[in-house]
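Participant: My structure is below; once you've seen it, I'll send some questions.
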Amino acid sequence: MDSHKVMTMKEAVSKFVHDGDTTYLAGFTHLIPFAAGHEIIRQGRKDLTLCRATPDIIYDQMIAAGCAKKIVFSYAGNPGVGSLRCFRRATEKGIPKPLEIEEYTHFGLSGRLFAGATNMPFLPLRTNLGSDLPAQNPNIRSVHNPYADEEVSVVPPLKPDVAVVHVQRCDASGNAHIWGIVGEQKDAAFAAKKVILSAEEIVSEDVIRSDPNRTLIPDFIVHAVVHEPWAAHPSYTQGYYDRDNEFYVQWDEITKEHETTLKYLDEWVYGVEDRAAYVKKLGPEKLAKLKPKPLMSVPVNYGSV
Amino acid sequence: MDAITQVTPSELMVTIAARELRDGESVLVGVGIPNLAANLAKRLHAPNLILIYESGTIGSNPSRMPLSIGDPCLVTGAKSVCSMYEQFAYYIQGGRIDVGFLGGAQIDKFGNINSTVIGSYKQPKVRLPGSGGACETASNVKKIIVITPHEKRRFIEKVDFVTSPGFLDGKAQWEKLKFQGGGPYAVITNLCTLKFDEVTGEMTLSALNPGVTVAQVQENTPWTLKVAEPLAQNPAPTEEELRVLRSLDPERIYLG
């Protein structure tokens with residue numbers, strides 16, 4: 001078993017996330033790698049180009065902490081709540097520093113990852129035409145369809161320097177099982193030059209091999225494996241803990257001012273050493289509230305003669 | 001009992017939107033009001049409605065109100081779950097969605113929707129979330145339905161920014177771009193239902209809600225609104241519709 005990849009989040013970020021990197025912290029509302037985001041903030045990374053379809057609270061925090069130079073996104077809202085105030089303060093008022101934006105649609109940005117993951121020169125898509133977005137983003141172009149008389153919108157591949165993906169379980173070398181909303185995790189991992197995996201559980205290779213269809217990410221594209229329970233809080237991990245909707249609503253209040261946001265970061269990011277300390281600080285009552293009732297799938301038969 | 005005065009604007013809009021959905025259709029649902037409309041239709045006249053959410057859940061059967069597009073309750077008991085890219089590629093671009101709900105801060109005369117910026121893009125008065133999957137939905141889904149309060153700041157002759165194309169400057173221009181989708185189909189407001197002229201693509205008043213006059217609709221629409229002949233009346237929500245709807249959102253998170 002290839003276990004030299006197993007390390008702490010502190011080690012993984014220190015080794016694989018550098019100032020000026022293009023990062024993709026994956027997860028479409030589900031499995032958002034907050035633990036990695038917080039560690040990147042604690043280590044004071046700066047000038048990052050943050051890519052995510054939905055920046056969500058995690059990039060709002062990293063923007064407020066001054067980690068970002070640029071954001072590449074397709075929906076900058078607080079899902080189910082409203083707007084992302086730190087994102088808006090940075091783009092509208094330059095607080096804490098100016099933030100460049102590069103905007104796509106969801107299909108455009110997930111298509112860019114797919115093109116990056118599969119090493120395509122560009123990807124044609126049936127979207128963007130008729131919209132005002134291409135005029136604001138020179139990366140969204142169009143070509144003439146060589147097979148029919150029509151214009152087709154195209155986007156370039158995205159190949160982040162580093163992707164962070166949180167998963168339910170993986171083995172020590174990084175073969176990862178993911179279920180529930182699988183978002184852009186697989187595409188981000190295959191598109192990126194380096195991959196940091198965090199997992200609720202590290203399991204034996206036998207567990208992974210017992211259900212290979214569930215392995216979305218194979219070990220040979222993974223560089224770091226971090227055992228990090230509750231890494232996705234306040235987002236969720238299907239079957240492990242539910243979304244902390246209370247916190248998503250509170251974030252709107254916390255971020256009313258830059259100073260109130262910094263106060264939050266002082267207490268919950270800089271003020272804790274690692275995710276284990278954060279989880280301890282959340283307290284058993286909160287954790288118990290987020291635990292779902294188990295609902296097991298029916299096993300499948302993988303037998304062969 | 002005067003059923004109408006006891007109905008909130010949200011209840012009225014949800015009920016009328018639900019009636020637009022047909023049994024067996026595949027519907028791309030958003031959270032909040034569209035989610036209620038789709039789930040109401042599924043429990044009444046359209047038990048075989050296929051609920052699809054942008055987060056990649058197919059045939060969801062939510063046991064409670066989903067609080068975000070990626071709520072885990074949309075996965076529990078779903079028919080299938082796919083990746084984000086697959087959702088847009090196989091389902092939306094694949095032409096497999098019959099009805100899509102869209103929303104925005106502004107909608108114009110030709111059904112173009114703005115959910116990106118108020119003011120200019122570079123110096124916005126208000127920065128909104130952006131497209132998400134709205135632009136590809138507008139471009140590829142057969143029928144687009146918008147549910148919105150009927151206010152002058154939302155209805156605007158020309159949107160500040162086209163996030164999701166409607167009929168652009170009119171149907172002739174729209175046809176040139178050869179969209180796979182059918183374009184805007186209905187706008188459902190607290191006052192009325194608006195549909196789109198088959199030839200020009202212009203928004204047209206098609207049915208009034210109970211107790212509402214044409215003058216009232218015009219007052220809240222900043223351009224001279226075309227009125228369909230004959231003009232229909234939307235029946236008030238029935239007791240059954242209201243009973244089922246209220247059971248879907250018992251805490252009245254979205255019903256007001």
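Order determines the names: the first chain of the structure tokens is A, the second B, and so forth; residues in each chain are numbered 1 upward, and ligands are numbered 1 upward as they are shown.
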Would you give me, as a tab-separated table, each residue of chain A having an atom within 7 Å of an atom of chain B, along with its shortest atom pair and that distance in Å to one decimal, using only C-alpha atoms and sorting by chain and residue number?
Facilitator:
```
residue	atom	partner	partner_atom	distance
A:Phe28	CA	B:Ser55	CA	6.8
A:Thr29	CA	B:Gly70	CA	5.3
A:His30	CA	B:Gly70	CA	6.5
A:Ser74	CA	B:Gly132	CA	5.2
A:Tyr75	CA	B:Gly132	CA	4.6
A:Ala76	CA	B:Pro129	CA	4.3
A:Gly77	CA	B:Pro129	CA	4.9
A:Pro79	CA	B:Ser68	CA	5.7
A:Gly80	CA	B:Ser68	CA	4.7
A:Ser83	CA	B:Pro129	CA	6.8
A:Arg88	CA	B:Arg127	CA	6.8
A:Thr105	CA	B:Gly132	CA	5.2
A:His106	CA	B:Gly132	CA	4.8
A:Phe107	CA	B:Phe88	CA	5.9
A:Ser110	CA	B:Tyr85	CA	5.4
A:Gly111	CA	B:Tyr85	CA	6.4
A:Arg126	CA	B:Gln93	CA	6.4
A:Thr127	CA	B:Glu136	CA	4.8
A:Asn128	CA	B:Cys135	CA	6.5
A:Gly130	CA	B:Pro165	CA	5.6
A:Ser131	CA	B:Val162	CA	5.2
A:Asp132	CA	B:Val162	CA	5.2
A:Leu133	CA	B:Thr163	CA	6.8
A:Gly180	CA	B:Val75	CA	6.0
A:Ile181	CA	B:Val81	CA	6.4
A:Val182	CA	B:Ser83	CA	5.0
A:Gly183	CA	B:Met84	CA	4.6
A:Glu184	CA	B:Met84	CA	5.6
A:Gln238	CA	B:Pro72	CA	6.3
```
Participant: Name the residues of range 1-108 of chain B that fall into strand (DSSP E or B) according to DSSP on the backbone, using the chain letters and numbers of this document, as number ranges by chain.
Facilitator: B: 26-29, 50-53, 57-58, 80-81, 99-102, 106-107
Participant: Could you please determine the separation between CA of Ile144 in chain B and CA of Pro47 in chain B in Å, to one decimal place?
Facilitator: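 If I compute the distance from CA of Ile144 in chain B to CA of Pro47 in chain B, I get 20.6 Å.
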Participant: Quick one: everything within 9 Å of Gly174 in chain A, counting only C-alpha atoms, minus sequence neighbours fewer than 3 positions away in the same chain. Send it as a list of chain:residue names.
Facilitator: A:Asp2, A:Ser3, A:Lys5, A:Val6, A:Cys170, A:Asp171, A:Leu197, A:Ile202, A:Ile217, A:Pro218, A:Asp219, A:Phe220, A:Ile221, A:Val222, A:His223, A:Ala224, A:Val225
Participant: May I have the residues from that selection written out with N, CA and C atoms, as a compact mmCIF listing (two decimals), in the first residue's frame?
Facilitator:
```
# COMPACT_ATOMS: atom_id res chain seq x y z
N ASP A 2 0.51 2.13 -0.92
CA ASP A 2 1.24 3.35 -1.15
C ASP A 2 0.72 4.42 -0.19
N SER A 3 1.40 4.57 0.97
CA SER A 3 0.81 5.45 1.98
C SER A 3 1.64 6.71 2.25
N LYS A 5 1.54 9.27 0.72
CA LYS A 5 0.73 10.46 0.41
C LYS A 5 -0.08 10.93 1.61
N VAL A 6 -0.24 10.07 2.61
CA VAL A 6 -1.07 10.45 3.76
C VAL A 6 -0.34 11.50 4.59
N CYS A 170 -11.64 7.16 1.02
CA CYS A 170 -10.62 6.78 0.05
C CYS A 170 -9.64 5.87 0.77
N ASP A 171 -8.78 5.21 -0.02
CA ASP A 171 -7.71 4.43 0.64
C ASP A 171 -6.46 5.31 0.77
N LEU A 197 -6.56 15.40 -1.75
CA LEU A 197 -7.81 14.72 -1.41
C LEU A 197 -7.98 14.81 0.09
N ILE A 202 -10.55 7.04 5.92
CA ILE A 202 -9.55 6.32 5.13
C ILE A 202 -9.87 4.84 5.32
N ILE A 217 -12.20 8.90 -8.59
CA ILE A 217 -10.83 9.41 -8.71
C ILE A 217 -9.86 8.28 -8.38
N PRO A 218 -8.98 7.91 -9.33
CA PRO A 218 -8.00 6.85 -9.10
C PRO A 218 -6.74 7.40 -8.45
N ASP A 219 -6.03 6.57 -7.71
CA ASP A 219 -4.91 7.06 -6.90
C ASP A 219 -3.79 7.71 -7.70
N PHE A 220 -3.57 7.27 -8.94
CA PHE A 220 -2.36 7.78 -9.62
C PHE A 220 -2.45 9.23 -10.08
N ILE A 221 -3.63 9.87 -9.90
CA ILE A 221 -3.67 11.32 -10.17
C ILE A 221 -3.70 12.13 -8.86
N VAL A 222 -3.56 11.43 -7.73
CA VAL A 222 -3.66 12.10 -6.43
C VAL A 222 -2.28 12.29 -5.80
N HIS A 223 -2.05 13.46 -5.21
CA HIS A 223 -0.74 13.76 -4.62
C HIS A 223 -0.74 13.76 -3.09
N ALA A 224 -1.87 14.11 -2.50
CA ALA A 224 -1.92 14.13 -1.03
C ALA A 224 -3.26 13.57 -0.56
N VAL A 225 -3.21 12.80 0.51
CA VAL A 225 -4.42 12.23 1.11
C VAL A 225 -4.48 12.68 2.57
```
Participant: Skip Arg246 in chain B itself and residues of its chain fewer than 4 positions away, then list as a PyMOL selection string all residues within 12 Å of it, counting only C-alpha atoms.
Facilitator: chain B and resi 7-8+10-12+14-15+36-37+39-40+65+237+239-242+250-256
Participant: Could you write out that same residue set with N, CA and C atoms as a PDB file, in the first residue's frame?
Facilitator:
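As a result, out_19.pdb now contains:
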```pdb
ATOM      1  N   VAL B   7     -55.339  34.295   0.091  1.00  0.00           N
ATOM      2  CA  VAL B   7     -54.249  33.691  -0.656  1.00  0.00           C
ATOM      3  C   VAL B   7     -53.114  34.708  -0.773  1.00  0.00           C
ATOM      4  N   THR B   8     -51.897  34.300  -0.435  1.00  0.00           N
ATOM      5  CA  THR B   8     -50.765  35.223  -0.584  1.00  0.00           C
ATOM      6  C   THR B   8     -50.372  35.287  -2.063  1.00  0.00           C
ATOM      7  N   SER B  10     -47.560  34.730  -3.383  1.00  0.00           N
ATOM      8  CA  SER B  10     -46.744  33.561  -3.707  1.00  0.00           C
ATOM      9  C   SER B  10     -47.614  32.341  -3.956  1.00  0.00           C
ATOM     10  N   GLU B  11     -48.634  32.155  -3.113  1.00  0.00           N
ATOM     11  CA  GLU B  11     -49.537  31.005  -3.287  1.00  0.00           C
ATOM     12  C   GLU B  11     -50.239  31.066  -4.643  1.00  0.00           C
ATOM     13  N   LEU B  12     -50.656  32.262  -5.005  1.00  0.00           N
ATOM     14  CA  LEU B  12     -51.349  32.451  -6.279  1.00  0.00           C
ATOM     15  C   LEU B  12     -50.407  32.117  -7.448  1.00  0.00           C
ATOM     16  N   VAL B  14     -47.623  30.320  -7.469  1.00  0.00           N
ATOM     17  CA  VAL B  14     -47.232  28.913  -7.476  1.00  0.00           C
ATOM     18  C   VAL B  14     -48.334  28.051  -8.083  1.00  0.00           C
ATOM     19  N   THR B  15     -49.567  28.332  -7.687  1.00  0.00           N
ATOM     20  CA  THR B  15     -50.693  27.535  -8.172  1.00  0.00           C
ATOM     21  C   THR B  15     -50.850  27.678  -9.682  1.00  0.00           C
ATOM     22  N   LEU B  36     -41.824  24.597  -5.381  1.00  0.00           N
ATOM     23  CA  LEU B  36     -43.182  24.399  -4.875  1.00  0.00           C
ATOM     24  C   LEU B  36     -44.150  24.137  -6.026  1.00  0.00           C
ATOM     25  N   ALA B  37     -44.007  24.888  -7.128  1.00  0.00           N
ATOM     26  CA  ALA B  37     -44.904  24.718  -8.271  1.00  0.00           C
ATOM     27  C   ALA B  37     -44.777  23.298  -8.825  1.00  0.00           C
ATOM     28  N   ASN B  39     -43.605  20.557  -7.338  1.00  0.00           N
ATOM     29  CA  ASN B  39     -44.073  19.536  -6.385  1.00  0.00           C
ATOM     30  C   ASN B  39     -45.590  19.561  -6.214  1.00  0.00           C
ATOM     31  N   LEU B  40     -46.199  20.736  -6.369  1.00  0.00           N
ATOM     32  CA  LEU B  40     -47.656  20.837  -6.315  1.00  0.00           C
ATOM     33  C   LEU B  40     -48.267  20.113  -7.521  1.00  0.00           C
ATOM     34  N   MET B  65     -38.870  20.457   2.100  1.00  0.00           N
ATOM     35  CA  MET B  65     -38.484  21.574   1.254  1.00  0.00           C
ATOM     36  C   MET B  65     -36.964  21.607   1.075  1.00  0.00           C
ATOM     37  N   PRO B 237     -57.089  29.844  -6.970  1.00  0.00           N
ATOM     38  CA  PRO B 237     -56.661  28.543  -6.451  1.00  0.00           C
ATOM     39  C   PRO B 237     -57.830  27.826  -5.772  1.00  0.00           C
ATOM     40  N   GLU B 239     -59.561  24.967  -3.177  1.00  0.00           N
ATOM     41  CA  GLU B 239     -59.223  24.570  -1.801  1.00  0.00           C
ATOM     42  C   GLU B 239     -58.227  23.430  -1.789  1.00  0.00           C
ATOM     43  N   GLU B 240     -58.378  22.507  -2.755  1.00  0.00           N
ATOM     44  CA  GLU B 240     -57.448  21.374  -2.791  1.00  0.00           C
ATOM     45  C   GLU B 240     -56.025  21.839  -3.130  1.00  0.00           C
ATOM     46  N   GLU B 241     -55.934  22.717  -4.116  1.00  0.00           N
ATOM     47  CA  GLU B 241     -54.609  23.245  -4.481  1.00  0.00           C
ATOM     48  C   GLU B 241     -53.944  23.904  -3.278  1.00  0.00           C
ATOM     49  N   LEU B 242     -54.732  24.709  -2.558  1.00  0.00           N
ATOM     50  CA  LEU B 242     -54.157  25.416  -1.407  1.00  0.00           C
ATOM     51  C   LEU B 242     -53.765  24.457  -0.284  1.00  0.00           C
ATOM     52  N   PRO B 250     -44.894  23.910   5.173  1.00  0.00           N
ATOM     53  CA  PRO B 250     -45.638  24.170   6.416  1.00  0.00           C
ATOM     54  C   PRO B 250     -45.058  25.327   7.224  1.00  0.00           C
ATOM     55  N   GLU B 251     -43.741  25.554   7.080  1.00  0.00           N
ATOM     56  CA  GLU B 251     -43.154  26.671   7.843  1.00  0.00           C
ATOM     57  C   GLU B 251     -43.264  27.991   7.079  1.00  0.00           C
ATOM     58  N   ARG B 252     -43.863  27.921   5.903  1.00  0.00           N
ATOM     59  CA  ARG B 252     -44.077  29.099   5.057  1.00  0.00           C
ATOM     60  C   ARG B 252     -42.785  29.863   4.788  1.00  0.00           C
ATOM     61  N   ILE B 253     -41.750  29.085   4.443  1.00  0.00           N
ATOM     62  CA  ILE B 253     -40.456  29.690   4.125  1.00  0.00           C
ATOM     63  C   ILE B 253     -40.568  30.489   2.825  1.00  0.00           C
ATOM     64  N   TYR B 254     -41.277  29.921   1.864  1.00  0.00           N
ATOM     65  CA  TYR B 254     -41.385  30.594   0.565  1.00  0.00           C
ATOM     66  C   TYR B 254     -42.791  31.122   0.285  1.00  0.00           C
ATOM     67  N   LEU B 255     -43.797  30.639   1.027  1.00  0.00           N
ATOM     68  CA  LEU B 255     -45.171  31.050   0.716  1.00  0.00           C
ATOM     69  C   LEU B 255     -45.531  32.411   1.312  1.00  0.00           C
ATOM     70  N   GLY B 256     -44.740  32.883   2.242  1.00  0.00           N
ATOM     71  CA  GLY B 256     -44.971  34.224   2.809  1.00  0.00           C
ATOM     72  C   GLY B 256     -46.070  34.251   3.851  1.00  0.00           C
TER      73      GLY B 256
END
```
Participant: Could you jot down the CA of Arg85 in chain A to CA of Pro134 in chain A separation for me, Å, one decimal place?
Facilitator: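 Between CA of Arg85 in chain A and CA of Pro134 in chain A the gap is 25.1 Å.
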Participant: Could you pull out all residues of range 52-189 of chain A with a DSSP call of helix (DSSP H, G or I) and give them as a ChimeraX atom specification?
Facilitator: /A:56-64,85-93,106-117,134-136,185-189
Participant: Produce a file of the selected residues containing C-alpha atoms, as a JSON list (two decimals), in the first residue's frame.
Facilitator:
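Final output, result-v7.json:
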```json
[["chain", "number", "residue", "atom", "x", "y", "z"],
["A", 56, "ASP", "CA", -19.90, 29.84, -2.05],
["A", 57, "ILE", "CA", -18.92, 30.79, 1.49],
["A", 58, "ILE", "CA", -15.49, 29.18, 1.17],
["A", 59, "TYR", "CA", -14.20, 31.62, -1.46],
["A", 60, "ASP", "CA", -16.03, 34.48, 0.26],
["A", 61, "GLN", "CA", -13.84, 33.68, 3.29],
["A", 62, "MET", "CA", -10.66, 33.39, 1.25],
["A", 63, "ILE", "CA", -11.42, 36.71, -0.50],
["A", 64, "ALA", "CA", -12.02, 38.44, 2.85],
["A", 85, "ARG", "CA", -20.94, 40.03, 0.51],
["A", 86, "CYS", "CA", -17.13, 39.62, 0.62],
["A", 87, "PHE", "CA", -17.05, 38.85, -3.11],
["A", 88, "ARG", "CA", -19.14, 41.97, -3.71],
["A", 89, "ARG", "CA", -17.04, 44.19, -1.39],
["A", 90, "ALA", "CA", -13.89, 43.13, -3.22],
["A", 91, "THR", "CA", -15.29, 43.57, -6.75],
["A", 92, "GLU", "CA", -17.27, 46.75, -6.02],
["A", 93, "LYS", "CA", -15.03, 48.53, -3.48],
["A", 106, "HIS", "CA", -22.15, 26.85, -15.25],
["A", 107, "PHE", "CA", -21.94, 24.88, -18.49],
["A", 108, "GLY", "CA", -19.09, 27.08, -19.66],
["A", 109, "LEU", "CA", -17.03, 26.59, -16.51],
["A", 110, "SER", "CA", -17.77, 22.89, -16.03],
["A", 111, "GLY", "CA", -17.04, 22.52, -19.76],
["A", 112, "ARG", "CA", -13.67, 24.21, -19.26],
["A", 113, "LEU", "CA", -12.81, 21.64, -16.58],
["A", 114, "PHE", "CA", -14.00, 18.78, -18.79],
["A", 115, "ALA", "CA", -11.82, 20.13, -21.63],
["A", 116, "GLY", "CA", -8.89, 20.44, -19.21],
["A", 117, "ALA", "CA", -9.42, 16.94, -17.83],
["A", 134, "PRO", "CA", -19.01, 36.81, -24.26],
["A", 135, "ALA", "CA", -18.54, 40.58, -24.82],
["A", 136, "GLN", "CA", -17.21, 40.81, -21.24],
["A", 185, "GLN", "CA", -15.02, 16.71, -8.45],
["A", 186, "LYS", "CA", -13.86, 14.19, -11.04],
["A", 187, "ASP", "CA", -13.33, 16.82, -13.74],
["A", 188, "ALA", "CA", -11.42, 19.09, -11.36],
["A", 189, "ALA", "CA", -9.16, 16.25, -10.22]]
```
Participant: Using only C-alpha atoms, which protein or nucleic acid residues come within 12 Å of Pro230 in chain B? Drop anything in the same chain fewer than 6 positions from it, and give the result as a list in words.
Facilitator: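 Counting only C-alpha atoms, the residues come to Thr204, Leu205, Ser206, Ala207 and Leu208 of chain B.
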Participant: Restricting it to N, CA and C atoms, dump the selection as a PDB file, in the first residue's frame.
Facilitator:
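This is the output file result_24.pdb:
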```pdb
ATOM      1  N   THR B 204     -46.971  39.362 -24.178  1.00  0.00           N
ATOM      2  CA  THR B 204     -48.370  39.743 -24.368  1.00  0.00           C
ATOM      3  C   THR B 204     -49.179  39.287 -23.168  1.00  0.00           C
ATOM      4  N   LEU B 205     -50.032  40.172 -22.674  1.00  0.00           N
ATOM      5  CA  LEU B 205     -50.896  39.807 -21.550  1.00  0.00           C
ATOM      6  C   LEU B 205     -51.874  38.736 -22.020  1.00  0.00           C
ATOM      7  N   SER B 206     -51.850  37.591 -21.342  1.00  0.00           N
ATOM      8  CA  SER B 206     -52.644  36.471 -21.838  1.00  0.00           C
ATOM      9  C   SER B 206     -53.789  36.090 -20.898  1.00  0.00           C
ATOM     10  N   ALA B 207     -53.609  36.260 -19.600  1.00  0.00           N
ATOM     11  CA  ALA B 207     -54.692  35.937 -18.655  1.00  0.00           C
ATOM     12  C   ALA B 207     -54.546  36.782 -17.397  1.00  0.00           C
ATOM     13  N   LEU B 208     -55.672  37.262 -16.885  1.00  0.00           N
ATOM     14  CA  LEU B 208     -55.659  38.073 -15.662  1.00  0.00           C
ATOM     15  C   LEU B 208     -55.932  37.203 -14.443  1.00  0.00           C
TER      16      LEU B 208
END
```
Participant: In Å, how far is it from CA of Arg19 in chain B to CA of Gly59 in chain B?
Facilitator: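 These atoms are spaced 19.5 Å apart.
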